[in-house]
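J.: Contents of my_file.cif (mmCIF, C-alpha atoms):
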```cif
data_start
#
loop_
_atom_site.group_PDB
_atom_site.id
_atom_site.type_symbol
_atom_site.label_atom_id
_atom_site.label_comp_id
_atom_site.auth_asym_id
_atom_site.auth_seq_id
_atom_site.Cartn_x
_atom_site.Cartn_y
_atom_site.Cartn_z
ATOM 1 C CA MET V 125 -10.317 3.533 -3.522
ATOM 2 C CA ASP V 126 -10.892 3.456 0.255
ATOM 3 C CA LEU V 127 -7.467 3.904 1.839
ATOM 4 C CA THR V 128 -8.843 3.728 5.391
ATOM 5 C CA ILE V 129 -8.729 -0.077 5.212
ATOM 6 C CA ILE V 130 -4.993 -0.048 4.479
ATOM 7 C CA ALA V 131 -2.903 -1.334 7.398
ATOM 8 C CA ALA V 132 0.502 -1.764 5.683
ATOM 9 C CA VAL V 133 2.317 -0.703 2.527
ATOM 10 C CA LEU V 134 4.380 -3.069 0.369
ATOM 11 C CA PHE V 135 6.735 -1.307 -2.020
ATOM 12 C CA ASP V 136 8.425 -2.609 -5.112
ATOM 13 C CA MET V 137 12.028 -1.344 -5.265
ATOM 14 C CA ASP V 138 13.323 -0.561 -8.773
ATOM 15 C CA GLY V 139 11.365 2.251 -10.383
ATOM 16 C CA THR V 140 9.166 2.632 -7.299
ATOM 17 C CA LEU V 141 11.335 3.570 -4.304
ATOM 18 C CA VAL V 142 14.642 3.603 -6.172
ATOM 19 C CA ASP V 143 15.282 5.265 -9.523
ATOM 20 C CA SER V 144 17.576 2.696 -11.105
ATOM 21 C CA ASP V 145 16.008 2.587 -14.563
ATOM 22 C CA ALA V 146 19.167 3.706 -16.371
ATOM 23 C CA ALA V 147 21.339 1.141 -14.571
ATOM 24 C CA VAL V 148 18.841 -1.647 -15.241
ATOM 25 C CA GLU V 149 18.690 -0.767 -18.938
ATOM 26 C CA ARG V 150 22.479 -0.593 -19.258
ATOM 27 C CA ALA V 151 22.856 -4.021 -17.680
ATOM 28 C CA TRP V 152 20.218 -5.671 -19.853
ATOM 29 C CA ARG V 153 21.610 -4.097 -23.037
ATOM 30 C CA THR V 154 25.095 -5.354 -22.210
ATOM 31 C CA TRP V 155 23.712 -8.782 -21.343
ATOM 32 C CA ALA V 156 21.698 -8.921 -24.583
ATOM 33 C CA GLY V 157 24.841 -8.171 -26.581
ATOM 34 C CA GLU V 158 26.742 -10.939 -24.817
ATOM 35 C CA TYR V 159 23.981 -13.485 -25.393
ATOM 36 C CA GLY V 160 23.067 -12.430 -28.916
ATOM 37 C CA VAL V 161 19.458 -11.404 -28.328
ATOM 38 C CA ASP V 162 17.546 -8.257 -29.291
ATOM 39 C CA PRO V 163 18.019 -5.710 -26.467
ATOM 40 C CA ASP V 164 14.711 -3.979 -27.181
ATOM 41 C CA ALA V 165 12.875 -7.291 -26.920
ATOM 42 C CA VAL V 166 14.641 -7.950 -23.606
ATOM 43 C CA LEU V 167 13.727 -4.541 -22.195
ATOM 44 C CA ALA V 168 10.104 -5.038 -23.216
ATOM 45 C CA VAL V 169 9.745 -7.928 -20.738
ATOM 46 C CA ALA V 170 12.523 -7.453 -18.172
ATOM 47 C CA HIS V 171 11.263 -4.593 -16.041
ATOM 48 C CA GLY V 172 10.062 -5.669 -12.622
ATOM 49 C CA ALA V 173 10.537 -9.379 -13.309
ATOM 50 C CA PRO V 174 13.150 -11.771 -11.895
ATOM 51 C CA ALA V 175 16.206 -12.155 -14.133
ATOM 52 C CA GLU V 176 15.596 -15.897 -14.551
ATOM 53 C CA ARG V 177 12.109 -15.265 -15.943
ATOM 54 C CA THR V 178 13.490 -12.892 -18.574
ATOM 55 C CA VAL V 179 16.315 -15.294 -19.439
ATOM 56 C CA ARG V 180 13.823 -18.123 -19.988
ATOM 57 C CA LEU V 181 11.684 -15.930 -22.233
ATOM 58 C CA MET V 182 14.649 -14.754 -24.307
ATOM 59 C CA LEU V 183 16.581 -18.036 -24.411
ATOM 60 C CA PRO V 184 13.924 -20.782 -24.317
ATOM 61 C CA GLY V 185 16.409 -23.469 -25.374
ATOM 62 C CA LEU V 186 18.640 -22.925 -22.357
ATOM 63 C CA ALA V 187 18.758 -25.672 -19.704
ATOM 64 C CA GLY V 188 18.507 -25.173 -15.933
ATOM 65 C CA ASP V 189 22.173 -24.518 -15.155
ATOM 66 C CA GLY V 190 22.458 -22.334 -18.231
ATOM 67 C CA VAL V 191 19.494 -20.245 -17.116
ATOM 68 C CA ALA V 192 20.982 -19.790 -13.643
ATOM 69 C CA SER V 193 24.340 -18.809 -15.114
ATOM 70 C CA ALA V 194 22.818 -16.301 -17.541
ATOM 71 C CA ALA V 195 20.694 -14.761 -14.775
ATOM 72 C CA ALA V 196 23.713 -14.537 -12.477
ATOM 73 C CA ARG V 197 25.671 -12.744 -15.216
ATOM 74 C CA GLN V 198 22.867 -10.208 -15.594
ATOM 75 C CA LEU V 199 22.866 -9.445 -11.873
ATOM 76 C CA GLU V 200 26.656 -9.229 -11.866
ATOM 77 C CA LEU V 201 26.439 -6.404 -14.393
ATOM 78 C CA GLN V 202 24.265 -4.428 -11.947
ATOM 79 C CA TYR V 203 25.979 -4.856 -8.563
ATOM 80 C CA ASP V 204 28.484 -2.018 -8.903
ATOM 81 C CA ASP V 205 26.602 0.183 -11.373
ATOM 82 C CA LEU V 206 25.253 2.625 -8.792
ATOM 83 C CA SER V 207 26.518 6.014 -9.968
ATOM 84 C CA ASP V 208 23.088 7.340 -10.928
ATOM 85 C CA VAL V 209 20.905 5.279 -8.563
ATOM 86 C CA VAL V 210 18.840 7.691 -6.420
ATOM 87 C CA PRO V 211 15.528 7.705 -4.516
ATOM 88 C CA THR V 212 12.456 8.333 -6.640
ATOM 89 C CA THR V 213 10.571 11.614 -6.351
ATOM 90 C CA GLY V 214 8.840 11.794 -2.965
ATOM 91 C CA ALA V 215 10.270 8.526 -1.617
ATOM 92 C CA HIS V 216 12.116 9.947 1.396
ATOM 93 C CA GLU V 217 9.284 12.280 2.320
ATOM 94 C CA LEU V 218 6.690 9.503 2.125
ATOM 95 C CA LEU V 219 8.730 7.035 4.181
ATOM 96 C CA ALA V 220 9.591 9.642 6.819
ATOM 97 C CA ALA V 221 5.920 10.465 7.344
ATOM 98 C CA LEU V 222 4.457 6.970 6.919
ATOM 99 C CA ARG V 223 2.750 5.770 10.080
ATOM 100 C CA LEU V 224 1.926 2.320 8.701
ATOM 101 C CA PRO V 225 4.274 -0.677 8.753
ATOM 102 C CA TRP V 226 5.994 -1.167 5.390
ATOM 103 C CA ALA V 227 8.203 -3.550 3.479
ATOM 104 C CA VAL V 228 10.092 -3.787 0.213
ATOM 105 C CA VAL V 229 9.414 -6.693 -2.160
ATOM 106 C CA THR V 230 11.846 -6.916 -5.049
ATOM 107 C CA SER V 231 12.826 -9.184 -7.927
ATOM 108 C CA ALA V 232 16.467 -8.367 -7.161
ATOM 109 C CA ASP V 233 18.652 -10.628 -5.047
ATOM 110 C CA LEU V 234 19.755 -9.549 -1.562
ATOM 111 C CA ARG V 235 23.134 -8.156 -2.626
ATOM 112 C CA LEU V 236 21.652 -5.968 -5.350
ATOM 113 C CA ALA V 237 18.680 -4.876 -3.227
ATOM 114 C CA LYS V 238 20.913 -3.756 -0.365
ATOM 115 C CA ALA V 239 23.296 -1.967 -2.744
ATOM 116 C CA ARG V 240 20.512 -0.012 -4.426
ATOM 117 C CA LEU V 241 18.612 0.815 -1.239
ATOM 118 C CA ASP V 242 21.863 1.997 0.354
ATOM 119 C CA ALA V 243 22.638 4.136 -2.703
ATOM 120 C CA ALA V 244 19.196 5.717 -2.380
ATOM 121 C CA GLY V 245 19.522 6.232 1.383
ATOM 122 C CA ILE V 246 16.625 3.917 2.223
ATOM 123 C CA GLU V 247 16.627 1.338 5.016
ATOM 124 C CA ALA V 248 13.804 -1.175 4.674
ATOM 125 C CA PRO V 249 12.405 -2.558 7.958
ATOM 126 C CA VAL V 250 11.375 -5.717 6.088
ATOM 127 C CA LEU V 251 12.964 -6.801 2.806
ATOM 128 C CA VAL V 252 11.764 -9.715 0.677
ATOM 129 C CA THR V 253 14.029 -10.553 -2.273
ATOM 130 C CA VAL V 254 13.861 -13.102 -5.063
ATOM 131 C CA GLU V 255 15.973 -15.395 -2.866
ATOM 132 C CA ASP V 256 13.184 -15.549 -0.277
ATOM 133 C CA VAL V 257 10.558 -17.030 -2.610
ATOM 134 C CA ARG V 258 10.130 -20.055 -4.824
ATOM 135 C CA ALA V 259 8.450 -18.069 -7.584
ATOM 136 C CA GLY V 260 9.037 -14.423 -8.444
ATOM 137 C CA LYS V 261 6.613 -11.831 -9.794
ATOM 138 C CA PRO V 262 3.974 -12.119 -11.244
ATOM 139 C CA ASP V 263 3.533 -14.863 -8.632
ATOM 140 C CA PRO V 264 2.093 -13.327 -5.423
ATOM 141 C CA GLU V 265 4.426 -15.207 -3.060
ATOM 142 C CA GLY V 266 6.704 -12.240 -2.341
ATOM 143 C CA TYR V 267 3.856 -9.940 -1.389
ATOM 144 C CA LEU V 268 2.155 -12.645 0.667
ATOM 145 C CA ARG V 269 5.447 -13.254 2.483
ATOM 146 C CA ALA V 270 5.905 -9.556 3.234
ATOM 147 C CA ALA V 271 2.355 -9.239 4.566
ATOM 148 C CA GLU V 272 2.944 -12.271 6.792
ATOM 149 C CA LEU V 273 6.204 -10.819 8.140
ATOM 150 C CA LEU V 274 4.397 -7.559 8.969
ATOM 151 C CA GLY V 275 1.532 -9.453 10.599
ATOM 152 C CA VAL V 276 -1.070 -7.875 8.309
ATOM 153 C CA ALA V 277 -3.581 -9.654 6.069
ATOM 154 C CA ALA V 278 -2.644 -9.150 2.420
ATOM 155 C CA ARG V 279 -6.122 -7.831 1.649
ATOM 156 C CA ARG V 280 -5.370 -4.898 3.991
ATOM 157 C CA CYS V 281 -2.089 -4.069 2.263
ATOM 158 C CA LEU V 282 -1.409 -1.473 -0.400
ATOM 159 C CA VAL V 283 1.118 -2.662 -2.972
ATOM 160 C CA VAL V 284 3.004 0.126 -4.767
ATOM 161 C CA GLU V 285 4.321 -0.898 -8.182
ATOM 162 C CA ASP V 286 5.523 0.469 -11.503
ATOM 163 C CA ALA V 287 5.476 -2.712 -13.619
ATOM 164 C CA GLU V 288 2.640 -4.862 -14.906
ATOM 165 C CA VAL V 289 4.158 -8.085 -13.520
ATOM 166 C CA GLY V 290 4.266 -6.472 -10.077
ATOM 167 C CA VAL V 291 0.695 -5.227 -10.316
ATOM 168 C CA ALA V 292 -0.353 -8.760 -11.252
ATOM 169 C CA ALA V 293 1.521 -10.117 -8.228
ATOM 170 C CA GLY V 294 -0.102 -7.620 -5.873
ATOM 171 C CA ARG V 295 -3.576 -8.317 -7.170
ATOM 172 C CA ALA V 296 -3.022 -12.077 -6.995
ATOM 173 C CA ALA V 297 -2.047 -11.629 -3.355
ATOM 174 C CA GLY V 298 -5.418 -9.968 -2.739
ATOM 175 C CA ALA V 299 -3.963 -6.523 -2.065
ATOM 176 C CA LYS V 300 -4.959 -3.151 -3.473
ATOM 177 C CA VAL V 301 -2.399 -1.744 -5.902
ATOM 178 C CA ALA V 302 -1.195 1.803 -6.473
ATOM 179 C CA ALA V 303 0.519 1.997 -9.870
ATOM 180 C CA LEU V 304 3.112 4.421 -11.228
ATOM 181 C CA LYS V 305 4.229 5.305 -14.769
ATOM 182 C CA GLY V 306 0.781 4.977 -16.324
ATOM 183 C CA VAL V 307 0.475 1.293 -15.393
ATOM 184 C CA ASP V 308 -3.095 0.268 -14.600
ATOM 185 C CA GLY V 309 -3.808 -0.271 -10.900
ATOM 186 C CA ASP V 310 -6.590 0.292 -8.370
ATOM 187 C CA LEU V 311 -5.052 3.723 -7.894
ATOM 188 C CA ARG V 312 -2.918 5.526 -10.486
ATOM 189 C CA ILE V 313 -0.293 7.909 -9.124
ATOM 190 C CA GLU V 314 2.224 10.070 -10.943
ATOM 191 C CA ASP V 315 4.844 9.799 -8.175
ATOM 192 C CA LEU V 316 5.194 9.045 -4.456
ATOM 193 C CA THR V 317 4.459 12.654 -3.506
ATOM 194 C CA ARG V 318 0.849 11.988 -4.525
ATOM 195 C CA LEU V 319 0.756 8.841 -2.374
ATOM 196 C CA HIS V 320 2.253 10.785 0.511
ATOM 197 C CA ARG V 321 -0.688 13.222 0.396
ATOM 198 C CA LEU V 322 -3.225 10.388 0.209
ATOM 199 C CA LEU V 323 -1.784 8.328 3.063
ATOM 200 C CA ASN V 324 -0.902 11.287 5.295
ATOM 201 C CA PRO V 325 -3.781 13.764 4.834
#
```
When written as structure tokens, how does the structure in this file appear?

T.:
Amino acid sequence: MDLTIIAAVLFDMDGTLVDSDAAVERAWRTWAGEYGVDPDAVLAVAHGAPAERTVRLMLPGLAGDGVASAAARQLELQYDDLSDVVPTTGAHELLAALRLPWAVVTSADLRLAKARLDAAGIEAPVLVTVEDVRAGKPDPEGYLRAAELLGVAARRCLVVEDAEVGVAAGRAAGAKVAALKGVDGDLRIEDLTRLHRLLNP
């Protein structure tokens, strides 16, 4: 992939810049127990997606207010669960050296995003949360919004993701996608240290 065309980098948060996998799993398992659904089935679809999307998939009979309430409960379980939330491998080094404008695009709400980024010691110059869009990932709106805020065409952005729904969102936005954790993207990377070397040769 030709990285010379890249003019901005758009990062997912959970699992990409911030290692919060354990906290996310704990919250969804607790939520699944409260709502009587299979926790493994929940975890199979929850990663990287807005809470409301997962709620609708798991509880298709739930009405609008019920969906909002169930999604709010899931987020509530995560707000203060920060004890083992840390930056991912290579995150600080990459961001410190990055000469391109960058943003964070997350399926979390603003409160959770700020809590996790703070816990990881990361300050995002531009942050797009689920509250800033009408449709969350895999819809491209979040990445298109971030590109617009940075003043860069989406096709010249590199999206960095670790979940299939996020990769789909990045591709739908017209961006190139670097993918972690064995997820298929235009560029597969094992961690952000590899991306650091590619973007800062």

J.: May I ask for the distance between CA of Arg280 (chain V) and CA of Ala299 (chain V), given in Å to one decimal place?

T.: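 CA of Ala299 (chain V) lies at a distance of 6.4 Å from CA of Arg280 (chain V).
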
J.: Please write the residues picked by the PyMOL selection byres ((chain V and resi 194-197) around 8) on this file as a VMD selection string.

T.: chain V and resid 155 175 to 176 179 190 to 193 198 to 201

J.: Skip region 141-143 of chain V itself and residues of its chain fewer than 2 positions away, then list as an mmCIF file with C-alpha atoms, in the frame of the given file all residues within 10 Å of it, counting only C-alpha atoms.

T.:
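Wrote it out as around.cif, contents follow:
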```cif
data_model
loop_
_atom_site.group_PDB
_atom_site.id
_atom_site.type_symbol
_atom_site.label_atom_id
_atom_site.label_comp_id
_atom_site.auth_asym_id
_atom_site.auth_seq_id
_atom_site.Cartn_x
_atom_site.Cartn_y
_atom_site.Cartn_z
ATOM 1 C CA PHE V 135 6.735 -1.307 -2.020
ATOM 2 C CA ASP V 136 8.425 -2.609 -5.112
ATOM 3 C CA MET V 137 12.028 -1.344 -5.265
ATOM 4 C CA ASP V 138 13.323 -0.561 -8.773
ATOM 5 C CA GLY V 139 11.365 2.251 -10.383
ATOM 6 C CA ASP V 145 16.008 2.587 -14.563
ATOM 7 C CA ALA V 146 19.167 3.706 -16.371
ATOM 8 C CA ALA V 147 21.339 1.141 -14.571
ATOM 9 C CA VAL V 148 18.841 -1.647 -15.241
ATOM 10 C CA ASP V 208 23.088 7.340 -10.928
ATOM 11 C CA VAL V 209 20.905 5.279 -8.563
ATOM 12 C CA VAL V 210 18.840 7.691 -6.420
ATOM 13 C CA PRO V 211 15.528 7.705 -4.516
ATOM 14 C CA THR V 212 12.456 8.333 -6.640
ATOM 15 C CA THR V 213 10.571 11.614 -6.351
ATOM 16 C CA GLY V 214 8.840 11.794 -2.965
ATOM 17 C CA ALA V 215 10.270 8.526 -1.617
ATOM 18 C CA HIS V 216 12.116 9.947 1.396
ATOM 19 C CA LEU V 218 6.690 9.503 2.125
ATOM 20 C CA LEU V 219 8.730 7.035 4.181
ATOM 21 C CA VAL V 228 10.092 -3.787 0.213
ATOM 22 C CA ALA V 237 18.680 -4.876 -3.227
ATOM 23 C CA ARG V 240 20.512 -0.012 -4.426
ATOM 24 C CA LEU V 241 18.612 0.815 -1.239
ATOM 25 C CA ASP V 242 21.863 1.997 0.354
ATOM 26 C CA ALA V 243 22.638 4.136 -2.703
ATOM 27 C CA ALA V 244 19.196 5.717 -2.380
ATOM 28 C CA GLY V 245 19.522 6.232 1.383
ATOM 29 C CA ILE V 246 16.625 3.917 2.223
ATOM 30 C CA VAL V 284 3.004 0.126 -4.767
ATOM 31 C CA GLU V 285 4.321 -0.898 -8.182
ATOM 32 C CA ASP V 286 5.523 0.469 -11.503
ATOM 33 C CA ASP V 315 4.844 9.799 -8.175
ATOM 34 C CA LEU V 316 5.194 9.045 -4.456
#
```

J.: Padding 3 Å on every side, please: axis-aligned box over the listed atoms of region 146-164 of chain V, centre and edge lengths to one decimal in Å, as JSON.

T.:
```
{"center_x": 20.7, "center_y": -4.9, "center_z": -21.9, "size_x": 18.0, "size_y": 23.2, "size_z": 20.7}
```

J.: Pick out the closest residue to Arg312 (chain V) from this set: V:Val283, V:Ser144, V:Ala232, V:Leu167. Count only C-alpha atoms.

T.: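 Closest candidate: V:Val283.
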
J.: Between V:Val257, V:Ala131, V:Leu206, V:Leu323, which one has atoms that come closest to Leu274 (chain V), using only C-alpha atoms?

T.: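 Answer, going by the shortest atom-to-atom distance: V:Ala131.
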
J.: Residue by residue, what does the PyMOL selection byres ((chain V and resi 225) around 8) grab here? Present the result as a ChimeraX atom specification.

T.: /V:131-133,222-224,226-227,274

J.: Dump as a VMD selection string all residues having an atom at most 12 Å from (6.0, -9.7, -13.5), computed in the file's coordinates with all atoms listed in the file.

T.: chain V and resid 136 168 to 178 230 to 231 259 to 266 285 to 296

J.: Create the file for the chosen residues now, containing C-alpha atoms and written as a PDB file, in the coordinates of the input.

T.:
```pdb
ATOM      1  CA  ASP V 136       8.425  -2.609  -5.112  1.00  0.00           C
ATOM      2  CA  ALA V 168      10.104  -5.038 -23.216  1.00  0.00           C
ATOM      3  CA  VAL V 169       9.745  -7.928 -20.738  1.00  0.00           C
ATOM      4  CA  ALA V 170      12.523  -7.453 -18.172  1.00  0.00           C
ATOM      5  CA  HIS V 171      11.263  -4.593 -16.041  1.00  0.00           C
ATOM      6  CA  GLY V 172      10.062  -5.669 -12.622  1.00  0.00           C
ATOM      7  CA  ALA V 173      10.537  -9.379 -13.309  1.00  0.00           C
ATOM      8  CA  PRO V 174      13.150 -11.771 -11.895  1.00  0.00           C
ATOM      9  CA  ALA V 175      16.206 -12.155 -14.133  1.00  0.00           C
ATOM     10  CA  GLU V 176      15.596 -15.897 -14.551  1.00  0.00           C
ATOM     11  CA  ARG V 177      12.109 -15.265 -15.943  1.00  0.00           C
ATOM     12  CA  THR V 178      13.490 -12.892 -18.574  1.00  0.00           C
ATOM     13  CA  THR V 230      11.846  -6.916  -5.049  1.00  0.00           C
ATOM     14  CA  SER V 231      12.826  -9.184  -7.927  1.00  0.00           C
ATOM     15  CA  ALA V 259       8.450 -18.069  -7.584  1.00  0.00           C
ATOM     16  CA  GLY V 260       9.037 -14.423  -8.444  1.00  0.00           C
ATOM     17  CA  LYS V 261       6.613 -11.831  -9.794  1.00  0.00           C
ATOM     18  CA  PRO V 262       3.974 -12.119 -11.244  1.00  0.00           C
ATOM     19  CA  ASP V 263       3.533 -14.863  -8.632  1.00  0.00           C
ATOM     20  CA  PRO V 264       2.093 -13.327  -5.423  1.00  0.00           C
ATOM     21  CA  GLU V 265       4.426 -15.207  -3.060  1.00  0.00           C
ATOM     22  CA  GLY V 266       6.704 -12.240  -2.341  1.00  0.00           C
ATOM     23  CA  GLU V 285       4.321  -0.898  -8.182  1.00  0.00           C
ATOM     24  CA  ASP V 286       5.523   0.469 -11.503  1.00  0.00           C
ATOM     25  CA  ALA V 287       5.476  -2.712 -13.619  1.00  0.00           C
ATOM     26  CA  GLU V 288       2.640  -4.862 -14.906  1.00  0.00           C
ATOM     27  CA  VAL V 289       4.158  -8.085 -13.520  1.00  0.00           C
ATOM     28  CA  GLY V 290       4.266  -6.472 -10.077  1.00  0.00           C
ATOM     29  CA  VAL V 291       0.695  -5.227 -10.316  1.00  0.00           C
ATOM     30  CA  ALA V 292      -0.353  -8.760 -11.252  1.00  0.00           C
ATOM     31  CA  ALA V 293       1.521 -10.117  -8.228  1.00  0.00           C
ATOM     32  CA  GLY V 294      -0.102  -7.620  -5.873  1.00  0.00           C
ATOM     33  CA  ARG V 295      -3.576  -8.317  -7.170  1.00  0.00           C
ATOM     34  CA  ALA V 296      -3.022 -12.077  -6.995  1.00  0.00           C
TER      35      ALA V 296
END
```

J.: Under the rule that all atoms listed in the file are counted, which of V:Gly160, V:Gly188, V:Gly298, V:Pro249 is the nearest residue to Cys281 (chain V)?

T.: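 Answer, going by the shortest atom-to-atom distance: V:Gly298.
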
J.: Check which residues satisfy the PyMOL selection byres ((chain V and resi 233) around 6) in the file shown, then give them as a PyMOL selection string.

T.: chain V and resi 232+234-236+253-255

J.: Hey, can you check how far CA of Arg153 (chain V) sits from CA of Pro184 (chain V)?

T.: 18.4 Å

J.: What separation in Å, quoted to one decimal, exists between CA of Arg321 (chain V) and CA of Leu282 (chain V)?

T.: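 Separating CA of Arg321 (chain V) from CA of Leu282 (chain V) is a distance of 14.7 Å.
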
J.: Have a look at V:Asp308, V:Asp256, V:Ala297, V:Glu149 and name the one nearest to Ala271 (chain V); count all atoms listed in the file.

T.: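 Closest to Ala271 (chain V), using all atoms listed in the file: V:Ala297.
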
J.: When distances are computed from only C-alpha atoms, which of V:Met125, V:Ala151, V:Val250, V:Val161 shows the smallest separation from Leu311 (chain V)?

T.: V:Met125
